[in-house]
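*Asks:* So that you have it, the file is start-v8.cif, and it contains mmCIF, C-alpha atoms and all ligand atoms:
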```cif
data_model
loop_
_atom_site.label_atom_id
_atom_site.label_comp_id
_atom_site.auth_asym_id
_atom_site.auth_seq_id
_atom_site.Cartn_x
_atom_site.Cartn_y
_atom_site.Cartn_z
CA MET A 1 24.18 -160.46 -89.84
CA LYS A 2 24.70 -160.90 -93.59
CA LYS A 3 24.72 -157.63 -95.51
CA THR A 4 21.88 -158.86 -97.71
CA THR A 5 19.76 -159.52 -94.61
CA GLN A 6 20.67 -156.12 -93.16
CA PHE A 7 19.41 -154.52 -96.35
CA ARG A 8 16.16 -156.52 -96.24
CA ARG A 9 15.61 -155.26 -92.70
CA LEU A 10 16.13 -151.67 -93.79
CA LEU A 11 13.51 -152.10 -96.49
CA ALA A 12 11.05 -153.73 -94.11
CA SER A 13 11.63 -151.30 -91.23
CA PRO A 14 8.45 -149.47 -90.13
CA GLN A 15 10.15 -146.07 -90.18
CA VAL A 16 11.84 -144.34 -93.08
CA GLU A 17 15.51 -145.30 -93.50
CA PHE A 18 18.34 -143.48 -95.26
CA LEU A 19 21.13 -144.43 -97.64
CA MET A 20 24.06 -142.07 -98.15
CA GLU A 21 26.05 -141.87 -101.37
CA ALA A 22 29.62 -143.06 -101.58
CA HIS A 23 31.87 -143.45 -104.60
CA ASN A 24 34.99 -145.24 -103.37
CA GLY A 25 36.32 -147.12 -100.35
CA LEU A 26 37.19 -143.98 -98.38
CA SER A 27 33.84 -142.26 -98.81
CA ALA A 28 32.04 -145.55 -98.05
CA LYS A 29 33.90 -145.78 -94.77
CA ILE A 30 33.01 -142.19 -93.93
CA VAL A 31 29.33 -142.96 -94.59
CA GLU A 32 29.39 -145.92 -92.23
CA GLU A 33 31.23 -144.00 -89.50
CA ALA A 34 28.64 -141.21 -89.71
CA GLY A 35 26.03 -143.77 -88.64
CA PHE A 36 24.24 -144.58 -91.89
CA LYS A 37 22.89 -148.12 -92.03
CA GLY A 38 23.43 -148.45 -95.77
CA ILE A 39 25.30 -147.00 -98.74
CA TRP A 40 24.18 -145.88 -102.19
CA ALA A 41 26.92 -146.64 -104.71
CA SER A 42 25.94 -143.82 -107.04
CA GLY A 43 26.62 -144.15 -110.76
CA LEU A 44 26.88 -140.37 -111.05
CA ALA A 45 29.34 -140.06 -108.16
CA MET A 46 31.46 -143.06 -109.18
CA SER A 47 31.73 -141.87 -112.78
CA ALA A 48 32.55 -138.32 -111.65
CA GLY A 49 35.19 -139.77 -109.35
CA LEU A 50 36.71 -141.63 -112.30
CA GLY A 51 36.70 -138.42 -114.36
CA VAL A 52 34.09 -139.58 -116.89
CA ARG A 53 30.43 -138.84 -117.64
CA ASP A 54 27.39 -140.66 -116.24
CA ASN A 55 26.78 -142.25 -119.67
CA ASN A 56 28.25 -145.71 -119.13
CA GLU A 57 31.65 -144.39 -120.12
CA ALA A 58 33.09 -146.41 -117.24
CA SER A 59 32.72 -150.10 -118.10
CA TRP A 60 30.57 -152.32 -115.91
CA THR A 61 33.63 -154.15 -114.60
CA GLN A 62 35.25 -150.85 -113.63
CA VAL A 63 32.09 -149.96 -111.69
CA VAL A 64 31.93 -153.39 -110.03
CA GLU A 65 35.57 -153.07 -109.03
CA THR A 66 34.89 -149.67 -107.46
CA VAL A 67 31.93 -151.07 -105.54
CA GLU A 68 34.01 -154.05 -104.41
CA PHE A 69 36.47 -151.66 -102.73
CA MET A 70 33.50 -150.02 -101.02
CA ALA A 71 32.14 -153.37 -99.82
CA ASP A 72 35.54 -154.46 -98.53
CA ALA A 73 35.91 -151.22 -96.58
CA THR A 74 32.56 -151.39 -94.77
CA THR A 75 30.19 -153.62 -92.80
CA VAL A 76 26.88 -152.00 -93.83
CA PRO A 77 25.02 -153.06 -96.98
CA ILE A 78 25.47 -151.37 -100.35
CA LEU A 79 22.73 -150.70 -102.88
CA MET A 80 24.59 -150.47 -106.17
CA ASP A 81 23.31 -148.17 -108.89
CA ALA A 82 23.57 -150.61 -111.79
CA ASP A 83 22.11 -148.21 -114.39
CA THR A 84 20.23 -150.26 -117.00
CA GLY A 85 22.01 -153.49 -116.09
CA TYR A 86 24.63 -152.84 -118.81
CA GLY A 87 22.85 -154.75 -121.57
CA ASN A 88 19.97 -157.18 -121.79
CA PHE A 89 18.70 -159.87 -119.38
CA ASN A 90 21.84 -161.94 -119.96
CA ASN A 91 24.17 -159.15 -118.87
CA VAL A 92 21.96 -158.69 -115.80
CA ARG A 93 22.32 -162.37 -114.92
CA ARG A 94 26.10 -162.12 -115.06
CA LEU A 95 26.03 -158.90 -113.05
CA VAL A 96 23.97 -160.48 -110.27
CA ARG A 97 26.43 -163.38 -110.00
CA LYS A 98 29.34 -160.95 -109.75
CA LEU A 99 27.65 -158.72 -107.18
CA GLU A 100 26.75 -161.64 -104.95
CA SER A 101 30.32 -162.91 -105.06
CA ARG A 102 31.70 -159.43 -104.20
CA GLY A 103 29.53 -158.86 -101.14
CA VAL A 104 27.12 -156.32 -102.65
CA ALA A 105 23.73 -156.62 -100.93
CA ALA A 106 21.43 -155.06 -103.49
CA MET A 107 21.25 -153.57 -106.97
CA CYS A 108 19.03 -151.02 -108.63
CA ILE A 109 18.31 -151.18 -112.36
CA GLU A 110 16.43 -148.49 -114.31
CA ASP A 111 14.09 -148.83 -117.28
CA LYS A 112 16.07 -146.80 -119.82
CA LEU A 113 18.31 -147.87 -122.71
CA PHE A 114 22.05 -148.54 -122.65
CA PRO A 115 24.03 -146.28 -122.74
CA LYS A 116 21.97 -144.26 -120.26
CA THR A 117 22.13 -140.56 -119.48
CA ASN A 118 21.78 -139.03 -116.03
CA SER A 119 18.14 -138.34 -115.20
CA PHE A 120 18.71 -134.61 -114.75
CA ILE A 121 20.13 -134.05 -118.25
CA ARG A 122 17.71 -133.79 -121.22
CA GLY A 123 15.27 -136.13 -119.52
CA GLU A 124 12.49 -135.73 -122.10
CA GLN A 125 14.79 -137.00 -124.84
CA GLN A 126 15.60 -140.19 -123.00
CA PRO A 127 13.97 -143.30 -124.44
CA LEU A 128 12.49 -145.80 -122.02
CA ALA A 129 13.00 -149.54 -122.30
CA ARG A 130 10.04 -151.64 -123.37
CA MET A 131 8.14 -152.54 -120.23
CA ASP A 132 8.06 -156.28 -121.02
CA GLU A 133 11.76 -156.33 -121.86
CA PHE A 134 12.61 -154.65 -118.54
CA ALA A 135 10.31 -157.04 -116.68
CA GLY A 136 12.34 -159.85 -118.26
CA LYS A 137 15.52 -158.37 -116.76
CA ILE A 138 13.89 -158.37 -113.33
CA ARG A 139 12.80 -162.00 -113.71
CA ALA A 140 16.30 -162.94 -114.88
CA ALA A 141 17.89 -161.21 -111.88
CA LYS A 142 15.54 -162.87 -109.38
CA ASP A 143 16.05 -166.23 -111.07
CA THR A 144 19.85 -165.89 -110.90
CA GLN A 145 20.46 -164.80 -107.30
CA VAL A 146 21.60 -167.54 -104.95
CA ASP A 147 21.13 -165.70 -101.64
CA PRO A 148 17.36 -165.26 -101.14
CA ASP A 149 18.01 -161.93 -99.38
CA PHE A 150 19.82 -160.31 -102.32
CA THR A 151 17.59 -157.37 -103.24
CA VAL A 152 16.63 -156.11 -106.68
CA VAL A 153 15.21 -152.59 -106.94
CA ALA A 154 13.47 -151.46 -110.15
CA ARG A 155 13.73 -147.78 -110.94
CA VAL A 156 10.87 -146.25 -112.90
CA GLU A 157 12.05 -143.42 -115.16
CA ALA A 158 8.69 -142.58 -116.76
CA LEU A 159 8.29 -139.26 -114.90
CA ILE A 160 11.88 -138.27 -115.73
CA ALA A 161 11.29 -138.96 -119.44
CA GLY A 162 8.09 -136.87 -119.50
CA TRP A 163 5.52 -139.67 -119.43
CA SER A 164 2.32 -139.58 -117.39
CA MET A 165 1.68 -140.76 -113.85
CA ASP A 166 -0.45 -143.53 -115.38
CA GLU A 167 2.54 -144.80 -117.33
CA ALA A 168 4.75 -144.66 -114.22
CA LEU A 169 2.20 -146.66 -112.23
CA ARG A 170 1.59 -149.13 -115.06
CA ARG A 171 5.32 -149.84 -115.18
CA ALA A 172 5.73 -150.05 -111.40
CA TYR A 173 2.87 -152.56 -111.15
CA ALA A 174 4.35 -154.61 -114.02
CA TYR A 175 7.78 -154.69 -112.37
CA ARG A 176 6.21 -155.72 -109.08
CA GLU A 177 4.39 -158.46 -110.94
CA ALA A 178 7.77 -159.57 -112.36
CA GLY A 179 8.98 -160.12 -108.79
CA VAL A 180 11.02 -157.04 -107.94
CA ASP A 181 11.68 -156.37 -104.22
CA ALA A 182 11.25 -152.58 -104.25
CA ILE A 183 10.36 -149.75 -106.62
CA LEU A 184 12.42 -146.58 -106.94
CA ILE A 185 10.22 -143.83 -108.30
CA HIS A 186 12.29 -140.93 -109.60
CA SER A 187 11.21 -137.31 -110.14
CA LYS A 188 13.02 -134.17 -111.21
CA GLN A 189 10.44 -131.70 -109.92
CA SER A 190 11.33 -129.32 -107.12
CA SER A 191 8.15 -130.23 -105.25
CA PRO A 192 7.44 -133.75 -103.96
CA ASP A 193 3.93 -133.74 -105.50
CA GLN A 194 4.63 -136.42 -108.13
CA ILE A 195 6.16 -138.73 -105.54
CA LEU A 196 3.25 -138.24 -103.14
CA GLU A 197 0.73 -138.85 -105.92
CA PHE A 198 2.55 -142.03 -106.90
CA LEU A 199 2.45 -143.23 -103.30
CA ARG A 200 -1.30 -142.53 -103.01
CA ASN A 201 -1.81 -144.86 -105.95
CA TRP A 202 0.58 -147.59 -104.87
CA ASP A 203 -1.18 -150.18 -102.77
CA THR A 204 0.93 -153.30 -103.24
CA GLY A 205 2.87 -153.13 -99.97
CA CYS A 206 6.05 -153.33 -102.07
CA PRO A 207 8.59 -150.87 -100.57
CA VAL A 208 9.18 -147.54 -102.31
CA VAL A 209 12.58 -145.86 -102.60
CA ILE A 210 13.07 -142.18 -103.49
CA VAL A 211 15.93 -139.83 -104.39
CA PRO A 212 15.12 -136.26 -103.24
CA THR A 213 17.94 -134.51 -105.08
CA ILE A 214 15.78 -131.82 -106.71
CA TYR A 215 12.90 -131.80 -104.18
CA PHE A 216 15.48 -131.57 -101.39
CA ALA A 217 13.60 -128.98 -99.35
CA THR A 218 10.87 -131.46 -98.34
CA PRO A 219 11.24 -132.62 -94.70
CA SER A 220 11.85 -136.34 -94.29
CA SER A 221 8.77 -136.56 -92.07
CA VAL A 222 6.60 -135.90 -95.15
CA PHE A 223 8.10 -138.92 -96.88
CA GLU A 224 7.73 -141.02 -93.77
CA GLN A 225 4.05 -140.18 -93.43
CA ALA A 226 3.50 -140.96 -97.09
CA GLY A 227 4.94 -144.45 -96.63
CA VAL A 228 8.39 -144.15 -98.21
CA SER A 229 10.70 -146.96 -97.08
CA LEU A 230 14.09 -145.70 -98.14
CA VAL A 231 15.42 -142.22 -98.92
CA ILE A 232 18.66 -141.94 -100.89
CA TRP A 233 20.91 -138.90 -100.45
CA ALA A 234 22.44 -139.59 -103.81
CA ASN A 235 25.45 -137.37 -104.47
CA HIS A 236 26.25 -135.08 -101.56
CA LEU A 237 29.63 -136.51 -100.51
CA MET A 238 30.92 -136.28 -104.07
CA ARG A 239 29.63 -132.71 -104.36
CA SER A 240 31.08 -131.63 -101.02
CA ALA A 241 34.41 -133.23 -101.97
CA ILE A 242 34.45 -131.18 -105.19
CA THR A 243 33.89 -127.96 -103.27
CA ALA A 244 36.56 -128.81 -100.69
CA MET A 245 39.15 -129.89 -103.27
CA GLN A 246 38.57 -126.85 -105.48
CA ALA A 247 39.01 -124.53 -102.49
CA THR A 248 42.15 -126.31 -101.29
CA ALA A 249 43.77 -126.37 -104.74
CA ALA A 250 42.98 -122.68 -105.28
CA THR A 251 44.41 -121.71 -101.90
CA ILE A 252 47.66 -123.59 -102.46
CA MET A 253 47.96 -122.17 -105.96
CA ARG A 254 47.40 -118.63 -104.70
CA GLU A 255 49.57 -118.82 -101.58
CA ARG A 256 52.33 -120.98 -103.04
CA SER A 257 52.33 -122.71 -99.68
CA VAL A 258 50.35 -125.29 -97.75
CA ALA A 259 50.97 -123.65 -94.38
CA SER A 260 47.59 -121.92 -93.91
CA LEU A 261 45.71 -125.09 -94.83
CA GLU A 262 47.45 -127.50 -92.52
CA PRO A 263 45.15 -126.94 -89.49
CA LYS A 264 42.00 -127.05 -91.66
CA ILE A 265 42.41 -130.38 -93.38
CA ALA A 266 42.40 -133.99 -92.17
CA SER A 267 45.65 -134.93 -90.47
CA LEU A 268 47.81 -137.73 -91.79
CA ALA A 269 46.97 -139.60 -88.58
CA GLU A 270 43.30 -139.44 -89.59
CA VAL A 271 44.13 -140.79 -93.04
CA PHE A 272 46.03 -143.70 -91.49
CA ARG A 273 43.16 -144.36 -89.06
CA LEU A 274 40.62 -144.50 -91.87
CA GLN A 275 42.89 -146.90 -93.75
CA GLY A 276 43.00 -149.23 -90.75
CA GLU A 277 46.71 -148.82 -90.12
CA ALA A 278 46.35 -149.92 -86.46
CA GLU A 279 45.05 -153.33 -87.53
CA LEU A 280 48.09 -153.91 -89.71
CA ALA A 281 50.48 -152.88 -86.93
CA ALA A 282 48.81 -155.40 -84.61
CA ALA A 283 48.91 -158.11 -87.28
CA GLU A 284 52.60 -157.47 -87.91
CA GLU A 285 53.21 -157.90 -84.22
CA LYS A 286 51.40 -161.23 -84.37
CA PHE A 287 52.69 -162.69 -87.63
CA LEU A 288 56.09 -161.21 -88.49
CA PRO A 289 59.24 -162.71 -86.95
CA LYS A 290 60.77 -160.57 -84.25
CA THR A 291 63.87 -158.92 -85.62
CA ALA A 292 66.38 -156.56 -84.15
CA PRO A 293 65.71 -152.90 -85.01
CA ILE A 294 67.29 -151.87 -88.29
CA VAL A 295 70.33 -149.71 -87.71
CA THR A 296 70.70 -146.96 -90.28
CA ASP A 297 72.90 -143.98 -90.86
CA LYS A 298 69.81 -141.75 -91.04
CA VAL A 299 70.32 -138.05 -90.54
CA PRO A 300 69.08 -137.11 -87.03
CA GLY A 301 65.59 -135.52 -87.22
CA ALA A 302 64.68 -137.12 -90.59
CA VAL A 303 61.40 -139.04 -90.71
C1 LIG A 401 22.94 -141.65 -109.18
O1 LIG A 401 23.25 -141.21 -108.07
O2 LIG A 401 23.76 -142.01 -110.01
C2 LIG A 401 21.52 -141.75 -109.56
C3 LIG A 401 20.56 -140.84 -109.00
O3 LIG A 401 21.21 -142.56 -110.40
S1 LIG A 401 20.35 -139.54 -110.11
O4 LIG A 401 21.61 -138.86 -110.27
O5 LIG A 401 19.34 -138.74 -109.49
O6 LIG A 401 19.89 -140.06 -111.38
MG MG A 402 22.73 -143.22 -111.51
#
```
What do you get writing this file as C-alpha cells?

*Replies:*
Amino acid sequence: MKKTTQFRRLLASPQVEFLMEAHNGLSAKIVEEAGFKGIWASGLAMSAGLGVRDNNEASWTQVVETVEFMADATTVPILMDADTGYGNFNNVRRLVRKLESRGVAAMCIEDKLFPKTNSFIRGEQQPLARMDEFAGKIRAAKDTQVDPDFTVVARVEALIAGWSMDEALRRAYAYREAGVDAILIHSKQSSPDQILEFLRNWDTGCPVVIVPTIYFATPSSVFEQAGVSLVIWANHLMRSAITAMQATAATIMRERSVASLEPKIASLAEVFRLQGEAELAAAEEKFLPKTAPIVTDKVPGAV
C-alpha cells in the first residue's frame, strides 16, 4: 500500500494510533522495527542531530534531505514536521511538490512566523501568523498535491503562545474550513486539561493529533476516550541517544579504554544488519562477475 494511503488509514483508524520520532535514516529504521506504524520527522530532533537550534537554522532543503534518507530507509509513512512551511504559500507549494517526489506521506505546518522557535521556549513571546494568511497556506498545499492521499496537518499554536481556548478553536475551525486533513493542537501544560477541553469543543469529525511531551504522565487510554486520532512521541529517541552517547563518551574518556563498554553497546554485526548489508551481499552474488579470490600477502590473523 502507498505510504500516503497508509497514513490516511492511521488517521481514520477507530482506535488511537502512535507516531514515534526519528531524526535520521538509522533512527527511522529503529522506529519501524519496534512496530510503529508511522514516523514523526521531528524538527527539534533533526536540528539537534545536525548540531543546530530548532529555529530554522537548518535550511529547508537540508531538512528535506534528512527526511528523504528516513523515507528511503523505511516502509512506514512519515509525517514531516515542516515548521511554518519555510515562508509563505509559495514556499509551501514548492515544499509539497518536493515531499511528494521524495516519498513523504504527510506534512505538518504550524501557525507561527518564520523563523520559528520551539514551542517550549519563551512561548508567550512567539507571534502567531495571521489566521487568513495561514489558511491560504493550507489551501495552497491542498491545491498543489498530486496524490489525493497526501496529508496536510495544521498545527494550532494559540495555546502555546498564551492565547485563549476560543482563539485556538477559532483557528482550528478556520483551518478545517480551508481544507486541512487533521488538526494538531499543542499544549505545554503538565495536565491534559487544555487538550481535553479542546476536544470537547471540536465537533467537525476532522482528526486531532497531539504531542504529549509535557503532559506525558497521562495514560493513552484518556486520549483514546477523548477521541484523539494520533499521538506523537516527539523526541524520545533523540533524547535517549543523547543520554547513551554522553555516558559512553564519559566512560571511554575516564577509562582510556573501550573494553568495559564492548558488551554493552550494539555489535558491529547489528550495525551492518541495520544498514541492510545482507541485501548487498546477495545482490553482488547476482550481479557481479564471478572472479577468482584475490590473493594477497596479508599478515595471518589481520582482518
Ligand atoms: C518537534 O518535535 O519538533 C515538534 C514538537 O515540533 S515540539 O517540540 O513539542 O514543538
Ligand atoms: Mg518542531

*Asks:* Taking only residues of chain A that have an atom at most 7 Å from an atom of ligand LIG 401 (chain A), what is each one's shortest atom pair and its distance in Å to one decimal, using only C-alpha atoms and all ligand atoms, in chain and number order, as a Markdown table?

*Replies:*
```
| residue | atom | partner | partner_atom | distance |
| --- | --- | --- | --- | --- |
| A:Ser42 | CA | A:LIG401 | O1 | 3.9 |
| A:Gly43 | CA | A:LIG401 | O2 | 3.6 |
| A:Leu44 | CA | A:LIG401 | O2 | 3.7 |
| A:Ala45 | CA | A:LIG401 | O2 | 6.2 |
| A:Asp81 | CA | A:LIG401 | O3 | 6.2 |
| A:Asp83 | CA | A:LIG401 | O3 | 7.0 |
| A:Asn118 | CA | A:LIG401 | O6 | 5.1 |
| A:Ser119 | CA | A:LIG401 | O6 | 4.5 |
| A:Phe120 | CA | A:LIG401 | O6 | 6.5 |
| A:Val211 | CA | A:LIG401 | O5 | 6.2 |
| A:Thr213 | CA | A:LIG401 | O5 | 6.3 |
| A:Ala234 | CA | A:LIG401 | O1 | 4.6 |
| A:Asn235 | CA | A:LIG401 | O1 | 5.7 |
```

*Asks:* Could you tell me how far CA of Pro14 (chain A) lies from CA of Pro207 (chain A), in Å and to one decimal?

*Replies:*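 Atom-to-atom, CA of Pro14 (chain A) and CA of Pro207 (chain A) are spaced 10.5 Å apart.
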
*Asks:* With 10 Å as the cut-off and all atoms listed in the file counted, what is the closest atom pair between each nearby residue of region 141-250 of chain A and region 27-33 of chain A? Distances in Å to one decimal, ordered by chain and number, as JSON lines.

*Replies:*
```
{"residue": "A:Leu237", "atom": "CA", "partner": "A:Ser27", "partner_atom": "CA", "distance": 7.3}
{"residue": "A:Met238", "atom": "CA", "partner": "A:Ser27", "partner_atom": "CA", "distance": 8.5}
{"residue": "A:Ala241", "atom": "CA", "partner": "A:Ser27", "partner_atom": "CA", "distance": 9.6}
```

*Asks:* Counting all atoms listed in the file, note down every residue that has an atom within 10 Å of the point (23.8, -161.1, -95.1) (file coordinates), as a PyMOL selection string.

*Replies:* chain A and resi 1-8+76-77+103-105+147-150

*Asks:* With a distance cut-off of 9 Å and all atoms listed in the file, select the neighbouring residues of Leu261 (chain A), excluding the residue or stretch itself and same-chain residues fewer than 4 positions from it, and output the selection as a PyMOL selection string.

*Replies:* chain A and resi 248+251-252+257+265

*Asks:* Do you have the CA of Pro263 (chain A)-CA of Ala278 (chain A) distance handy?

*Replies:*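 Value for the CA of Pro263 (chain A)-CA of Ala278 (chain A) distance: 23.2 Å.
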
*Asks:* Can you take the partial region 240-272 of chain A, add N, CA and C atoms, and return it as a short mmCIF file (atom, residue, chain, number, x, y, z; two decimals), keeping the file's coordinate frame?

*Replies:*
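Dumped to selection.cif:
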```
data_model
loop_
_atom_site.label_atom_id
_atom_site.label_comp_id
_atom_site.auth_asym_id
_atom_site.auth_seq_id
_atom_site.Cartn_x
_atom_site.Cartn_y
_atom_site.Cartn_z
N SER A 240 30.34 -132.37 -102.05
CA SER A 240 31.08 -131.63 -101.02
C SER A 240 32.58 -131.83 -101.21
N ALA A 241 32.99 -133.00 -101.70
CA ALA A 241 34.41 -133.23 -101.97
C ALA A 241 34.90 -132.29 -103.09
N ILE A 242 34.07 -132.09 -104.10
CA ILE A 242 34.45 -131.18 -105.19
C ILE A 242 34.70 -129.79 -104.64
N THR A 243 33.75 -129.31 -103.84
CA THR A 243 33.89 -127.96 -103.27
C THR A 243 35.16 -127.85 -102.43
N ALA A 244 35.39 -128.85 -101.58
CA ALA A 244 36.56 -128.81 -100.69
C ALA A 244 37.86 -128.88 -101.50
N MET A 245 37.91 -129.73 -102.50
CA MET A 245 39.15 -129.89 -103.27
C MET A 245 39.44 -128.65 -104.12
N GLN A 246 38.36 -128.08 -104.68
CA GLN A 246 38.57 -126.85 -105.48
C GLN A 246 39.12 -125.73 -104.59
N ALA A 247 38.56 -125.60 -103.39
CA ALA A 247 39.01 -124.53 -102.49
C ALA A 247 40.46 -124.76 -102.06
N THR A 248 40.78 -126.00 -101.73
CA THR A 248 42.15 -126.31 -101.29
C THR A 248 43.16 -126.06 -102.42
N ALA A 249 42.84 -126.55 -103.61
CA ALA A 249 43.77 -126.37 -104.74
C ALA A 249 43.97 -124.89 -105.03
N ALA A 250 42.88 -124.11 -104.98
CA ALA A 250 42.98 -122.68 -105.28
C ALA A 250 43.82 -121.97 -104.23
N THR A 251 43.63 -122.34 -102.98
CA THR A 251 44.41 -121.71 -101.90
C THR A 251 45.90 -121.99 -102.07
N ILE A 252 46.24 -123.24 -102.33
CA ILE A 252 47.66 -123.59 -102.46
C ILE A 252 48.27 -122.90 -103.68
N MET A 253 47.48 -122.85 -104.76
CA MET A 253 47.96 -122.17 -105.96
C MET A 253 48.25 -120.69 -105.67
N ARG A 254 47.30 -120.07 -104.98
CA ARG A 254 47.40 -118.63 -104.70
C ARG A 254 48.54 -118.33 -103.72
N GLU A 255 48.62 -119.13 -102.67
CA GLU A 255 49.57 -118.82 -101.58
C GLU A 255 50.95 -119.42 -101.80
N ARG A 256 51.06 -120.29 -102.77
CA ARG A 256 52.33 -120.98 -103.04
C ARG A 256 52.87 -121.62 -101.77
N SER A 257 51.96 -122.11 -100.96
CA SER A 257 52.33 -122.71 -99.68
C SER A 257 51.15 -123.52 -99.17
N VAL A 258 51.43 -124.51 -98.36
CA VAL A 258 50.35 -125.29 -97.75
C VAL A 258 50.16 -124.91 -96.28
N ALA A 259 50.93 -123.93 -95.82
CA ALA A 259 50.97 -123.65 -94.38
C ALA A 259 49.62 -123.26 -93.80
N SER A 260 48.86 -122.40 -94.49
CA SER A 260 47.59 -121.92 -93.91
C SER A 260 46.54 -123.03 -93.88
N LEU A 261 46.71 -124.02 -94.74
CA LEU A 261 45.71 -125.09 -94.83
C LEU A 261 45.88 -126.16 -93.77
N GLU A 262 47.10 -126.36 -93.37
CA GLU A 262 47.45 -127.50 -92.52
C GLU A 262 46.45 -127.72 -91.37
N PRO A 263 46.09 -126.68 -90.61
CA PRO A 263 45.15 -126.94 -89.49
C PRO A 263 43.72 -127.19 -89.94
N LYS A 264 43.41 -126.95 -91.21
CA LYS A 264 42.00 -127.05 -91.66
C LYS A 264 41.68 -128.37 -92.34
N ILE A 265 42.68 -129.14 -92.63
CA ILE A 265 42.41 -130.38 -93.38
C ILE A 265 42.71 -131.60 -92.51
N ALA A 266 42.20 -132.76 -92.94
CA ALA A 266 42.40 -133.99 -92.17
C ALA A 266 43.89 -134.24 -91.96
N SER A 267 44.25 -134.65 -90.76
CA SER A 267 45.65 -134.93 -90.47
C SER A 267 46.06 -136.25 -91.13
N LEU A 268 47.33 -136.45 -91.27
CA LEU A 268 47.81 -137.73 -91.79
C LEU A 268 47.39 -138.86 -90.85
N ALA A 269 47.38 -138.56 -89.55
CA ALA A 269 46.97 -139.60 -88.58
C ALA A 269 45.54 -140.04 -88.87
N GLU A 270 44.69 -139.10 -89.27
CA GLU A 270 43.30 -139.44 -89.59
C GLU A 270 43.23 -140.29 -90.87
N VAL A 271 44.08 -139.98 -91.82
CA VAL A 271 44.13 -140.79 -93.04
C VAL A 271 44.52 -142.22 -92.68
N PHE A 272 45.56 -142.36 -91.87
CA PHE A 272 46.03 -143.70 -91.49
C PHE A 272 44.95 -144.45 -90.70
#
```
